[in-house]
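Trainee: Here you go, one structure.
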Amino acid sequence: MSASLLVKQAIRATPLMASFRPATTSAIRFNSTSTSVTETREPVALQAEIVSGAPEEIRMQPCRIFKQSKASTQSGITNTGVWRLDFDTQLQAGRFENELIGWASSSDYMQALQMKFISKEDAIAFADKQGWEFTVQEPNQKIVKKKVYADNFKYSPKKLRFVKTK
Amino acid sequence: MSAAMAAHLSVVTAQSSSLSSARQSVIHLYRDFQRGVPEIMRTHQVDIPMSMIRTKIREEFERHRDVKDLAVIDILLFKGRQEYQETMNAWKQETHIMRYFIKDDAPPKPQGFLEKFLAGRD
């Protein structure tokens, strides 16, 4: 079952925000930083950060909620519809060479985690519920300027856009 | 494995109606753990002094001292009861008991460039 489905069961209809969290965490509490979400929300019914069994250090690893950008070399828009949650690559991630084979290994257990969500609110709710420190990166909206062939022949009191001498 | 064996030390999952009742359940669990320490030492034969085991139990309970959400407390109670049942019924082995102490005994992580370089780590 995808994470987004699980999150949808827990999500509320009220508008969501990042920074408020109830006083259920004991040691360290992080306010999730987001670039654009401004509304307040009620705390989720069950904060999974305490009972998930994940190590406490995971709360200090920042993660990013974003939408993959379209490949600029192509006009196709594959993979741009879903919201992703990804952990930033750590500088000191404990990378080492495997003793037996020599594989490039890492002690960062979140480096390969990629989650997909249908909506931004789902992703935010999930990250908030898990107690992760997240940032929301809004996708770049491409401004599509309408081009009409008839504009080449439009009347203009100023200098003409195109000078047709033929 | 009979059903009676599986049911030994099992309890009905807590659904606390109030913080005070949840607190009582937690204290009962804590007492059960502390009372069971001699049996843990006898059953699992771990080379850890009793005081350390008692301190570790206290530490685990103190970690979630400030939890106020009843649903979260109920889940933590369930997990605690599960741990208790598995420990006292010897479904866990010595290695599982030692896992509680692994962070205390771990060698210090290499710090500074040279130590990390010699350890072959990032």
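Here's how to read the names in the structure tokens: chain A, B, ... by the order shown, residue numbers from 1 in each chain, ligand numbers from 1 in the order shown.
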Could you pull the residues within 6 Å of stretch 46-63 of chain A, counting only C-alpha atoms, minus those fewer than 5 positions along the same chain, as a ChimeraX atom specification?
Mentor: /A:86-88,129-134
Trainee: Using only C-alpha atoms, please write the residues we just selected to a file, as a short mmCIF file (atom, residue, chain, number, x, y, z; two decimals), in the first residue's frame.
Mentor:
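Below you can see part.cif, which holds the result:
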data_model
loop_
_atom_site.label_atom_id
_atom_site.label_comp_id
_atom_site.auth_asym_id
_atom_site.auth_seq_id
_atom_site.Cartn_x
_atom_site.Cartn_y
_atom_site.Cartn_z
CA ASP A 86 13.54 12.95 -0.36
CA PHE A 87 16.23 13.26 2.26
CA ASP A 88 19.12 15.57 1.59
CA LYS A 129 3.46 12.93 11.54
CA GLN A 130 6.84 11.28 11.41
CA GLY A 131 8.48 14.28 13.02
CA TRP A 132 10.88 14.93 10.17
CA GLU A 133 12.33 18.31 9.51
CA PHE A 134 11.06 19.20 6.07
#
Trainee: At a cut-off of 9 Å, list the chain B residues touching chain A, using only C-alpha atoms, as a VMD selection string.
Mentor: chain B and resid 63 to 69 71 to 72 75 to 76 79 119 to 122
Trainee: Can you list, as a ChimeraX atom specification, every protein, DNA or RNA residue that comes within 12 Å of B:Tyr30 when you count only C-alpha atoms, leaving out same-chain residues fewer than 2 positions away?
Mentor: /B:23-28,32-37,54-62,77,80-81,83-84
Trainee: Let's see if you can do this: from backbone DSSP, list all alpha helix (DSSP H) residues in chain B, as an MDAnalysis selection string.
Mentor: chainID B and resid 3:7 19:35 37:44 50:63 70:88 94:98 102:105 113:119
Trainee: Take atom CA of A:Thr135 and atom CA of B:Ile73 and report the distance between them in Å, one decimal.
Mentor: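 According to the coordinates, atom CA of A:Thr135 and atom CA of B:Ile73 are separated by 28.9 Å.
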Trainee: Extract, using only C-alpha atoms, all DNA, RNA and protein residues at most 12 Å from A:Ile65, discarding same-chain residues fewer than 2 positions from it, and format them as JSON, numbers by chain.
Mentor: {"A": [32, 33, 34, 35, 36, 62, 63, 67, 68, 82, 83, 84, 85, 86, 87, 88, 114, 115, 116, 117, 118, 119, 120, 121, 122, 123, 124, 125, 126, 127, 128, 132, 133, 134, 135, 136, 137, 138, 139]}
